[in-house]
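Shown next, in structure tokens, is the structure this report addresses.
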Amino acid sequence: MDPSRGAGSPAPRACDYGGAMRPIIGITSYVVPATWGVWQNLPSTLVPHDYVEAVTLAGGRAILLPPDDRDADVLRALDGLVLAGGPDVDPALYGAAPHPATEFRAERDAGEMLLLRAALDAGLPLLAVCRGMQLLAVAAGGSLHQHLPETLGHERHRPAPGVYGEHEATFTPGSRIADLMGADRAIHCFHHQGVADAGSLTVTGRADDGTPEAVEDPNGGFVLGVQWHPEYRRDQRLFGALVDAARTRMKENGTACADR
Amino acid sequence: MRRPLIGLTCYAQHIQYQRNELMAAMLPMNYVKAVHAAGGRAVLITPDDPGTDVLESLDGIVFTGGGDVDPVAWQAERHPATEVDEVRDAAELMLMRAALAADLPVLGVCRGMQVMAVATGGSLHQHLPDLVGHERHRAAAGTDPLAAGASDYGRHDVVVDENSRAHQLFGRHLTVNSFHHQAVADPGEFVPAGWCPDDRVVEILEHPGLTFALGVQWHPERTTDLRAFTALTEAASVGAIIPA
């Protein structure tokens, strides 16, 4: 056993398999009862395939991370992390009582929070989507609005079941997200909670109604949260930037086979 | 000691959950729970990516159950009952060959065992009921295989070759669940090590030349008998603690 290989330290790779290693991007996954073929409501772990396609298009190798709260060892295999969308975050994690409209899965929260904290400690590039951005804000010491329609008086962030709200966001000039998005600021949202307090992160994007749409690490690490769903358009501006950051980290850590 | 990292091949499948209908990368949680119960850490390997570099990160890999393997791989015509996913086949055959070439510990479950045979030059019977004249290798047609738990699968005995490595793991006899309509005809570079005594259908494959390459035709992830998964994670732990 090599005690120097803790969570977050990249594993040596033997390069036995030929070809250059692509950055490995872990995507946190849902656990839901799924129905297909002969199977009815079979407990399954999954992510919408949009995420996989967005990572693959960007030149990353996607692997899915089912929730597991034993340890964060899996980080040693990753070059980047996507915190995917999903249900609400347990309000107990930011010291609030649950709103009647709040639905959370404690085991997913536990597994993802453990992974997220370790990823932040290790400086792993990470893109946090929708619920992922909310979890990121909570991990940074912040808190959430539990039901935006009450706070804002409108439903534009979640117009109807299965329908994305499309609107434009305003980004802070000079921020990472402003640079990545450029002139096209149209975004696709589907959420009923929102970030109330971003903790130690900086809010760098907002909707017209003031709802935070993007948060990032003020210290310059690739830690980016977006309230919308960039995977819906396989948005290469964001997934491309994540994979680039992951590739840079591979090279710095000497884990890219092409460099050996 | 860190847990060995075990990849599970998964499905790209159109599914429904609650009010949602979507294309998902997905796998039944039974497999994940079986790996975790056996001391590993499960990650899912999406089946539609034509590359093998991901194997570098793994200590072991499970080829999971699923649809039929395309008989084009052994130059046969497709039987009317054969349903294939060409994208998954291409990715898994490539991953299987690379994993075996690198002597990565491998477990094949149901379709996964069949992929072992086909990837190494073997072939399959495409529709067992035509061959053996009975349906006991799968749950009755039209029934929900989960309606009453694993007992709704076909169930039968397996007899294990006393000179095999599988015998050390399973002993001479075991009773298994069963949910398949295809079976191994030619095991390729693998060696059959267990059979259904009623009809000689191959139930276990192993590879004597590799550290750990075991295929089982049944579904241990749906039972409390996790010996196949434990054997995989033990073999994978050896790789996990010796720096590459």
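Chain identifiers are assigned as A, B, and so on, following the order in which chains appear in the structure tokens; residues are numbered from 1 within each chain, and ligands are numbered from 1 in order of appearance.
Set the cut-off at 6 Å, count only C-alpha atoms, and the residues of chain A near chain B turn out to be A:Met1, A:Arg13, A:Ala14, A:Met21, A:Ala34, A:Thr35, A:Trp36, A:Pro43, A:Ser44, A:Thr45, A:Leu46, A:Val47, A:Pro48, A:His49, A:Ile63, A:Leu64, A:Leu65, A:Ala77.
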Using only C-alpha atoms, which residues sit within 9 Å of Ala193 (chain B) once same-chain residues fewer than 5 positions away are excluded, as a list in words?
-> Val159, Val160, Asp161, Glu162, Asn163, Ser164, Arg165, Ala166, His167, Val202, Glu203, Ile204, Leu205 and Glu206 of chain B
Taking the chain letters and numbering used in this document, name the residues of region 140-254 of chain A that DSSP puts in strand (DSSP E), as number ranges by chain.
-> A: 143-145, 165-168, 170-171, 186-189, 194-197, 202-206, 212-216, 223-226
Please, which residues of region 20-230 of chain A, numbered as in this document, come out alpha helix (DSSP H) from DSSP, as a VMD selection string?
-> chain A and resid 49 to 57 106 to 122 131 to 139 148 to 152 176 to 181
Counting only C-alpha atoms, what is within 10 Å of Ala106 (chain A), bar same-chain residues fewer than 5 positions away, as a list in words?
->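 So the residues in contact are Asp88, Val89, Asp90, Ala92, Gly111 and Glu112 of chain A.
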Convert the current residue selection to file output with N, CA, C and O atoms, as a PDB file, in the first residue's frame.
```
ATOM      1  N   ASP A  88     -33.674  18.618  -4.594  1.00  0.00           N
ATOM      2  CA  ASP A  88     -33.241  19.694  -3.702  1.00  0.00           C
ATOM      3  C   ASP A  88     -32.177  19.219  -2.721  1.00  0.00           C
ATOM      4  O   ASP A  88     -32.029  18.024  -2.473  1.00  0.00           O
ATOM      5  N   VAL A  89     -31.457  20.174  -2.161  1.00  0.00           N
ATOM      6  CA  VAL A  89     -30.456  19.887  -1.135  1.00  0.00           C
ATOM      7  C   VAL A  89     -31.162  19.900   0.233  1.00  0.00           C
ATOM      8  O   VAL A  89     -32.013  20.756   0.491  1.00  0.00           O
ATOM      9  N   ASP A  90     -30.801  18.945   1.079  1.00  0.00           N
ATOM     10  CA  ASP A  90     -31.371  18.881   2.434  1.00  0.00           C
ATOM     11  C   ASP A  90     -31.119  20.200   3.165  1.00  0.00           C
ATOM     12  O   ASP A  90     -29.967  20.564   3.407  1.00  0.00           O
ATOM     13  N   ALA A  92     -31.222  20.943   6.129  1.00  0.00           N
ATOM     14  CA  ALA A  92     -30.458  20.787   7.376  1.00  0.00           C
ATOM     15  C   ALA A  92     -28.985  21.122   7.139  1.00  0.00           C
ATOM     16  O   ALA A  92     -28.284  21.553   8.066  1.00  0.00           O
ATOM     17  N   GLY A 111     -23.260  11.631  -0.066  1.00  0.00           N
ATOM     18  CA  GLY A 111     -22.189  11.193  -0.956  1.00  0.00           C
ATOM     19  C   GLY A 111     -21.579  12.353  -1.733  1.00  0.00           C
ATOM     20  O   GLY A 111     -20.359  12.468  -1.859  1.00  0.00           O
ATOM     21  N   GLU A 112     -22.443  13.239  -2.242  1.00  0.00           N
ATOM     22  CA  GLU A 112     -21.928  14.345  -3.069  1.00  0.00           C
ATOM     23  C   GLU A 112     -21.208  15.392  -2.228  1.00  0.00           C
ATOM     24  O   GLU A 112     -20.234  16.003  -2.680  1.00  0.00           O
TER      25      GLU A 112
END
```
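When only C-alpha atoms are used to compute distances to Leu214 (chain B), the closest of the residues B:Gly122, B:Gly60, B:Pro129, B:Pro197 turns out to be B:Gly60.
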With only C-alpha atoms as the atoms that count, which of A:Arg185, A:His147, A:Arg131, A:Arg249 lies nearest to Ala101 (chain A)?
->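 Closest residue, counting only C-alpha atoms: A:His147.
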With the cut-off set at 12 Å and counting only C-alpha atoms, tabulate each residue of region 91-114 of chain A with an atom at most that distance from an atom of region 28-32 of chain A, showing the nearest atom pair and its distance in Å to one decimal, ordered by chain and increasing number, as JSON lines.
```
{"residue": "A:Phe104", "atom": "CA", "partner": "A:Tyr30", "partner_atom": "CA", "distance": 11.5}
{"residue": "A:Arg105", "atom": "CA", "partner": "A:Val31", "partner_atom": "CA", "distance": 9.0}
{"residue": "A:Ala106", "atom": "CA", "partner": "A:Val31", "partner_atom": "CA", "distance": 11.3}
{"residue": "A:Glu107", "atom": "CA", "partner": "A:Val31", "partner_atom": "CA", "distance": 9.4}
{"residue": "A:Arg108", "atom": "CA", "partner": "A:Tyr30", "partner_atom": "CA", "distance": 7.5}
{"residue": "A:Asp109", "atom": "CA", "partner": "A:Tyr30", "partner_atom": "CA", "distance": 10.6}
{"residue": "A:Gly111", "atom": "CA", "partner": "A:Thr28", "partner_atom": "CA", "distance": 9.2}
{"residue": "A:Glu112", "atom": "CA", "partner": "A:Thr28", "partner_atom": "CA", "distance": 7.2}
{"residue": "A:Met113", "atom": "CA", "partner": "A:Thr28", "partner_atom": "CA", "distance": 10.8}
{"residue": "A:Leu114", "atom": "CA", "partner": "A:Thr28", "partner_atom": "CA", "distance": 11.8}
```
Test item: residues at most 10 Å from Glu213 (chain A), only C-alpha atoms, excluding those fewer than 4 positions along its chain, as a short mmCIF file (atom, residue, chain, number, x, y, z; two decimals) with all heavy atoms, in the first residue's frame:
```cif
data_model
loop_
_atom_site.label_atom_id
_atom_site.label_comp_id
_atom_site.auth_asym_id
_atom_site.auth_seq_id
_atom_site.Cartn_x
_atom_site.Cartn_y
_atom_site.Cartn_z
N CYS A 130 -26.99 23.49 -11.77
CA CYS A 130 -28.31 23.56 -11.16
C CYS A 130 -28.24 23.14 -9.68
O CYS A 130 -27.68 23.87 -8.87
CB CYS A 130 -29.31 22.72 -11.97
SG CYS A 130 -31.03 23.02 -11.49
N MET A 133 -24.81 23.58 -8.38
CA MET A 133 -24.42 24.93 -7.95
C MET A 133 -24.97 25.22 -6.55
O MET A 133 -24.31 25.86 -5.73
CB MET A 133 -24.92 25.98 -8.94
CG MET A 133 -24.92 27.39 -8.37
SD MET A 133 -25.12 28.69 -9.61
CE MET A 133 -26.18 29.83 -8.71
N GLU A 168 -32.23 35.43 -20.45
CA GLU A 168 -30.84 35.88 -20.55
C GLU A 168 -30.32 36.22 -19.16
O GLU A 168 -31.06 36.69 -18.30
CB GLU A 168 -30.73 37.11 -21.46
CG GLU A 168 -30.94 36.75 -22.93
CD GLU A 168 -30.28 37.76 -23.85
OE1 GLU A 168 -30.06 38.91 -23.42
OE2 GLU A 168 -29.98 37.39 -25.00
N ALA A 169 -29.04 35.98 -18.96
CA ALA A 169 -28.41 36.34 -17.70
C ALA A 169 -27.45 37.50 -17.94
O ALA A 169 -27.03 37.76 -19.06
CB ALA A 169 -27.65 35.13 -17.15
N THR A 170 -27.13 38.19 -16.85
CA THR A 170 -26.14 39.26 -16.91
C THR A 170 -24.93 38.81 -16.10
O THR A 170 -25.07 38.33 -14.98
CB THR A 170 -26.72 40.55 -16.29
OG1 THR A 170 -27.93 40.86 -16.97
CG2 THR A 170 -25.74 41.69 -16.42
N PHE A 171 -23.74 38.93 -16.71
CA PHE A 171 -22.53 38.44 -16.05
C PHE A 171 -21.61 39.59 -15.66
O PHE A 171 -21.56 40.62 -16.35
CB PHE A 171 -21.80 37.46 -16.97
CG PHE A 171 -22.64 36.29 -17.39
CD1 PHE A 171 -22.98 36.08 -18.72
CD2 PHE A 171 -23.14 35.40 -16.44
CE1 PHE A 171 -23.77 35.00 -19.11
CE2 PHE A 171 -23.93 34.33 -16.81
CZ PHE A 171 -24.24 34.13 -18.15
N ILE A 187 -29.91 31.33 -21.61
CA ILE A 187 -29.72 30.15 -20.74
C ILE A 187 -31.04 29.41 -20.56
O ILE A 187 -32.12 29.98 -20.74
CB ILE A 187 -29.13 30.55 -19.37
CG1 ILE A 187 -30.05 31.55 -18.67
CG2 ILE A 187 -27.72 31.09 -19.53
CD1 ILE A 187 -29.58 31.92 -17.27
N CYS A 189 -33.23 27.19 -17.93
CA CYS A 189 -33.34 26.91 -16.49
C CYS A 189 -34.48 25.97 -16.18
O CYS A 189 -35.49 25.94 -16.88
CB CYS A 189 -33.63 28.21 -15.73
SG CYS A 189 -32.21 29.26 -15.57
N GLY A 194 -33.11 28.48 -5.22
CA GLY A 194 -32.06 29.33 -5.72
C GLY A 194 -31.08 29.67 -4.61
O GLY A 194 -31.38 29.48 -3.42
N VAL A 195 -29.93 30.18 -5.00
CA VAL A 195 -28.91 30.54 -4.00
C VAL A 195 -29.32 31.85 -3.32
O VAL A 195 -29.58 32.86 -3.99
CB VAL A 195 -27.53 30.67 -4.68
CG1 VAL A 195 -26.52 31.30 -3.72
CG2 VAL A 195 -27.04 29.31 -5.16
N VAL A 203 -20.79 35.65 -6.58
CA VAL A 203 -21.86 35.58 -7.57
C VAL A 203 -21.42 36.39 -8.78
O VAL A 203 -21.15 37.59 -8.67
CB VAL A 203 -23.19 36.12 -7.00
CG1 VAL A 203 -24.27 36.14 -8.09
CG2 VAL A 203 -23.66 35.28 -5.81
N THR A 204 -21.33 35.73 -9.95
CA THR A 204 -20.83 36.43 -11.16
C THR A 204 -21.86 36.46 -12.28
O THR A 204 -21.56 36.89 -13.39
CB THR A 204 -19.54 35.76 -11.67
OG1 THR A 204 -19.78 34.37 -11.84
CG2 THR A 204 -18.39 35.96 -10.69
N GLY A 205 -23.08 35.97 -12.01
CA GLY A 205 -24.14 36.03 -13.01
C GLY A 205 -25.48 36.11 -12.31
O GLY A 205 -25.67 35.48 -11.26
N ARG A 206 -26.39 36.90 -12.88
CA ARG A 206 -27.72 37.02 -12.29
C ARG A 206 -28.77 37.09 -13.38
O ARG A 206 -28.52 37.59 -14.47
CB ARG A 206 -27.83 38.28 -11.42
CG ARG A 206 -27.07 38.19 -10.11
CD ARG A 206 -27.36 39.40 -9.21
NE ARG A 206 -26.44 39.43 -8.07
CZ ARG A 206 -26.66 38.79 -6.91
NH1 ARG A 206 -27.77 38.08 -6.75
NH2 ARG A 206 -25.77 38.85 -5.94
N ALA A 207 -29.98 36.60 -13.04
CA ALA A 207 -31.15 36.82 -13.89
C ALA A 207 -31.67 38.24 -13.67
O ALA A 207 -31.24 38.92 -12.72
CB ALA A 207 -32.23 35.80 -13.54
N GLY A 225 -20.08 27.33 -10.81
CA GLY A 225 -21.45 26.84 -10.67
C GLY A 225 -22.38 27.63 -11.55
O GLY A 225 -22.26 28.86 -11.63
N VAL A 226 -23.27 26.94 -12.24
CA VAL A 226 -24.28 27.64 -13.06
C VAL A 226 -25.65 27.09 -12.69
O VAL A 226 -25.82 25.89 -12.50
CB VAL A 226 -24.01 27.48 -14.58
CG1 VAL A 226 -22.69 28.16 -14.95
CG2 VAL A 226 -24.03 26.04 -15.03
N GLN A 227 -26.61 28.01 -12.57
CA GLN A 227 -27.95 27.60 -12.15
C GLN A 227 -28.73 26.98 -13.32
O GLN A 227 -29.70 26.28 -13.12
CB GLN A 227 -28.69 28.81 -11.56
CG GLN A 227 -30.06 28.51 -11.00
CD GLN A 227 -30.05 27.46 -9.92
OE1 GLN A 227 -29.53 27.67 -8.83
NE2 GLN A 227 -30.59 26.28 -10.22
N TRP A 228 -28.26 27.22 -14.54
CA TRP A 228 -28.98 26.67 -15.70
C TRP A 228 -28.39 25.33 -16.13
O TRP A 228 -27.54 24.77 -15.43
CB TRP A 228 -28.98 27.69 -16.84
CG TRP A 228 -27.66 27.96 -17.52
CD1 TRP A 228 -27.18 27.36 -18.64
CD2 TRP A 228 -26.66 28.93 -17.13
NE1 TRP A 228 -25.96 27.88 -18.96
CE2 TRP A 228 -25.61 28.84 -18.07
CE3 TRP A 228 -26.55 29.85 -16.07
CZ2 TRP A 228 -24.46 29.64 -17.99
CZ3 TRP A 228 -25.40 30.64 -16.00
CH2 TRP A 228 -24.39 30.52 -16.94
#
```
Give me, as a short mmCIF file (atom, residue, chain, number, x, y, z; two decimals) with all heavy atoms, in the first residue's frame, all polymer residues having an atom no more than 12 Å from Ala119 (chain A), counting only C-alpha atoms and skipping those fewer than 6 positions away in the same chain.
```
data_model
loop_
_atom_site.label_atom_id
_atom_site.label_comp_id
_atom_site.auth_asym_id
_atom_site.auth_seq_id
_atom_site.Cartn_x
_atom_site.Cartn_y
_atom_site.Cartn_z
N ALA A 7 -6.93 10.50 -0.99
CA ALA A 7 -7.98 11.02 -1.86
C ALA A 7 -7.47 12.28 -2.55
O ALA A 7 -6.87 13.14 -1.92
CB ALA A 7 -9.22 11.33 -1.05
N GLY A 8 -7.68 12.36 -3.81
CA GLY A 8 -7.32 13.58 -4.52
C GLY A 8 -5.94 13.55 -5.14
O GLY A 8 -5.68 14.30 -6.06
N SER A 9 -5.04 12.68 -4.64
CA SER A 9 -3.76 12.61 -5.34
C SER A 9 -3.92 11.67 -6.52
O SER A 9 -4.40 10.56 -6.36
CB SER A 9 -2.63 12.13 -4.45
OG SER A 9 -3.11 11.66 -3.24
N PRO A 10 -3.54 12.13 -7.69
CA PRO A 10 -3.78 11.32 -8.88
C PRO A 10 -2.97 10.03 -8.83
O PRO A 10 -1.86 10.01 -8.30
CB PRO A 10 -3.30 12.21 -10.02
CG PRO A 10 -3.09 13.56 -9.44
CD PRO A 10 -2.87 13.38 -7.98
N GLY A 26 -15.64 12.83 -13.90
CA GLY A 26 -16.70 12.14 -13.15
C GLY A 26 -17.96 12.98 -13.14
O GLY A 26 -17.90 14.20 -13.01
N ASP A 71 -16.19 7.16 1.47
CA ASP A 71 -14.98 7.97 1.38
C ASP A 71 -14.95 8.63 0.01
O ASP A 71 -15.80 8.35 -0.83
CB ASP A 71 -13.71 7.13 1.62
CG ASP A 71 -13.60 5.97 0.63
OD1 ASP A 71 -13.72 6.22 -0.58
OD2 ASP A 71 -13.38 4.83 1.06
N ALA A 72 -13.96 9.48 -0.21
CA ALA A 72 -13.86 10.21 -1.48
C ALA A 72 -12.68 9.69 -2.31
O ALA A 72 -12.18 10.38 -3.18
CB ALA A 72 -13.71 11.71 -1.20
N ASP A 73 -12.27 8.45 -2.07
CA ASP A 73 -11.12 7.87 -2.76
C ASP A 73 -11.23 7.92 -4.28
O ASP A 73 -10.22 7.96 -4.98
CB ASP A 73 -10.96 6.40 -2.37
CG ASP A 73 -10.05 6.23 -1.18
OD1 ASP A 73 -9.65 7.27 -0.61
OD2 ASP A 73 -9.76 5.08 -0.83
N VAL A 74 -12.47 7.89 -4.77
CA VAL A 74 -12.66 7.85 -6.22
C VAL A 74 -12.04 9.07 -6.90
O VAL A 74 -11.70 9.03 -8.08
CB VAL A 74 -14.17 7.71 -6.55
CG1 VAL A 74 -14.92 8.99 -6.24
CG2 VAL A 74 -14.37 7.33 -8.01
N LEU A 75 -11.83 10.13 -6.14
CA LEU A 75 -11.25 11.35 -6.72
C LEU A 75 -9.88 11.11 -7.34
O LEU A 75 -9.48 11.80 -8.27
CB LEU A 75 -11.12 12.45 -5.67
CG LEU A 75 -12.37 13.20 -5.25
CD1 LEU A 75 -11.97 14.35 -4.36
CD2 LEU A 75 -13.14 13.70 -6.46
N ARG A 76 -9.17 10.13 -6.82
CA ARG A 76 -7.82 9.88 -7.35
C ARG A 76 -7.85 9.49 -8.82
O ARG A 76 -6.86 9.63 -9.53
CB ARG A 76 -7.10 8.82 -6.53
CG ARG A 76 -7.78 7.48 -6.56
CD ARG A 76 -7.05 6.47 -5.71
NE ARG A 76 -5.83 5.99 -6.33
CZ ARG A 76 -5.79 5.14 -7.37
NH1 ARG A 76 -6.89 4.70 -7.92
NH2 ARG A 76 -4.64 4.75 -7.84
N ALA A 77 -9.02 9.00 -9.27
CA ALA A 77 -9.12 8.59 -10.68
C ALA A 77 -9.59 9.73 -11.58
O ALA A 77 -9.61 9.58 -12.78
CB ALA A 77 -10.09 7.42 -10.80
N LEU A 78 -9.97 10.85 -10.99
CA LEU A 78 -10.61 11.91 -11.77
C LEU A 78 -9.66 13.05 -12.08
O LEU A 78 -8.79 13.39 -11.29
CB LEU A 78 -11.81 12.48 -11.00
CG LEU A 78 -12.89 11.49 -10.55
CD1 LEU A 78 -14.01 12.24 -9.83
CD2 LEU A 78 -13.43 10.70 -11.72
N ASP A 79 -9.90 13.66 -13.25
CA ASP A 79 -9.20 14.89 -13.62
C ASP A 79 -10.13 16.09 -13.55
O ASP A 79 -9.68 17.24 -13.59
CB ASP A 79 -8.64 14.74 -15.03
CG ASP A 79 -7.69 13.55 -15.13
OD1 ASP A 79 -6.71 13.52 -14.36
OD2 ASP A 79 -7.94 12.64 -15.93
N GLY A 80 -11.43 15.84 -13.49
CA GLY A 80 -12.42 16.90 -13.38
C GLY A 80 -13.73 16.32 -12.90
O GLY A 80 -13.92 15.10 -12.94
N LEU A 81 -14.61 17.19 -12.41
CA LEU A 81 -15.86 16.72 -11.80
C LEU A 81 -17.02 17.58 -12.28
O LEU A 81 -16.91 18.81 -12.36
CB LEU A 81 -15.73 16.83 -10.27
CG LEU A 81 -16.93 16.43 -9.42
CD1 LEU A 81 -17.25 14.94 -9.57
CD2 LEU A 81 -16.66 16.75 -7.95
N VAL A 82 -18.13 16.91 -12.63
CA VAL A 82 -19.39 17.60 -12.90
C VAL A 82 -20.36 17.20 -11.80
O VAL A 82 -20.61 16.02 -11.59
CB VAL A 82 -19.98 17.21 -14.27
CG1 VAL A 82 -21.36 17.84 -14.46
CG2 VAL A 82 -19.05 17.62 -15.41
N LEU A 83 -20.86 18.21 -11.07
CA LEU A 83 -21.94 17.95 -10.12
C LEU A 83 -23.24 18.17 -10.90
O LEU A 83 -23.56 19.30 -11.28
CB LEU A 83 -21.88 18.92 -8.94
CG LEU A 83 -20.74 18.73 -7.96
CD1 LEU A 83 -20.74 19.90 -6.97
CD2 LEU A 83 -20.86 17.42 -7.20
N GLU A 112 -22.44 13.24 -2.24
CA GLU A 112 -21.93 14.34 -3.07
C GLU A 112 -21.21 15.39 -2.23
O GLU A 112 -20.23 16.00 -2.68
CB GLU A 112 -23.07 15.00 -3.85
CG GLU A 112 -23.50 14.17 -5.04
CD GLU A 112 -24.42 14.93 -6.00
OE1 GLU A 112 -24.72 16.12 -5.77
OE2 GLU A 112 -24.86 14.30 -6.96
N MET A 113 -21.70 15.63 -1.02
CA MET A 113 -21.06 16.64 -0.18
C MET A 113 -19.64 16.19 0.18
O MET A 113 -18.70 16.99 0.14
CB MET A 113 -21.92 16.87 1.08
CG MET A 113 -21.59 18.13 1.82
SD MET A 113 -21.56 19.64 0.79
CE MET A 113 -23.05 20.45 1.27
N PRO A 125 -10.69 20.64 -10.93
CA PRO A 125 -11.59 21.49 -11.71
C PRO A 125 -13.02 20.96 -11.62
O PRO A 125 -13.24 19.75 -11.75
CB PRO A 125 -11.06 21.36 -13.14
CG PRO A 125 -9.62 20.98 -12.98
CD PRO A 125 -9.59 20.12 -11.75
N LEU A 126 -13.97 21.86 -11.35
CA LEU A 126 -15.33 21.36 -11.25
C LEU A 126 -16.36 22.33 -11.78
O LEU A 126 -16.25 23.54 -11.64
CB LEU A 126 -15.64 20.90 -9.82
CG LEU A 126 -16.00 21.87 -8.71
CD1 LEU A 126 -17.51 22.04 -8.64
CD2 LEU A 126 -15.49 21.32 -7.39
N LEU A 127 -17.35 21.73 -12.43
CA LEU A 127 -18.49 22.44 -12.99
C LEU A 127 -19.73 21.92 -12.28
O LEU A 127 -20.00 20.72 -12.28
CB LEU A 127 -18.60 22.16 -14.50
CG LEU A 127 -19.81 22.74 -15.23
CD1 LEU A 127 -19.83 24.26 -15.17
CD2 LEU A 127 -19.82 22.27 -16.70
N ALA A 128 -20.46 22.83 -11.65
CA ALA A 128 -21.62 22.45 -10.85
C ALA A 128 -22.87 22.99 -11.52
O ALA A 128 -22.99 24.19 -11.74
CB ALA A 128 -21.47 23.00 -9.43
N LEU A 136 -22.87 23.45 -4.12
CA LEU A 136 -21.58 24.16 -4.04
C LEU A 136 -21.70 25.37 -3.12
O LEU A 136 -20.82 25.61 -2.27
CB LEU A 136 -21.17 24.57 -5.45
CG LEU A 136 -19.88 25.36 -5.65
CD1 LEU A 136 -18.68 24.57 -5.14
CD2 LEU A 136 -19.70 25.71 -7.14
N ALA A 139 -21.83 24.12 0.40
CA ALA A 139 -20.51 23.67 0.84
C ALA A 139 -19.60 24.86 1.16
O ALA A 139 -18.70 24.76 1.99
CB ALA A 139 -19.86 22.80 -0.25
N GLY A 221 -9.37 29.34 -8.89
CA GLY A 221 -9.43 27.93 -9.27
C GLY A 221 -10.60 27.69 -10.21
O GLY A 221 -11.53 28.51 -10.26
N PHE A 222 -10.56 26.58 -10.96
CA PHE A 222 -11.68 26.30 -11.86
C PHE A 222 -12.81 25.66 -11.04
O PHE A 222 -12.96 24.44 -11.00
CB PHE A 222 -11.29 25.41 -13.03
CG PHE A 222 -12.34 25.42 -14.11
CD1 PHE A 222 -12.21 26.24 -15.22
CD2 PHE A 222 -13.49 24.64 -14.00
CE1 PHE A 222 -13.20 26.27 -16.21
CE2 PHE A 222 -14.48 24.68 -14.97
CZ PHE A 222 -14.34 25.50 -16.07
N VAL A 223 -13.56 26.52 -10.37
CA VAL A 223 -14.72 26.10 -9.59
C VAL A 223 -15.86 26.99 -10.06
O VAL A 223 -15.90 28.18 -9.76
CB VAL A 223 -14.49 26.29 -8.08
CG1 VAL A 223 -15.76 25.97 -7.30
CG2 VAL A 223 -13.33 25.41 -7.61
#
```
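Residue nearest Leu144 (chain A), chosen from A:Ala196, A:Ala62, A:Leu116, A:Ala84 and counting only C-alpha atoms: A:Ala196.
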What is the CA of Asn253 (chain A) to CA of Ile24 (chain A) distance in Å?
-> 13.8 Å
For Thr82 (chain B), which residue among B:Thr175, B:His127, B:Met94, B:Gly108 is the nearest when counting only C-alpha atoms?
->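 Going through B:Thr175, B:His127, B:Met94, B:Gly108 one by one, the smallest distance to Thr82 (chain B) is for B:His127.
For the pair CA of Leu120 (chain A) and CA of Ala198 (chain A), the separation is 15.1 Å.
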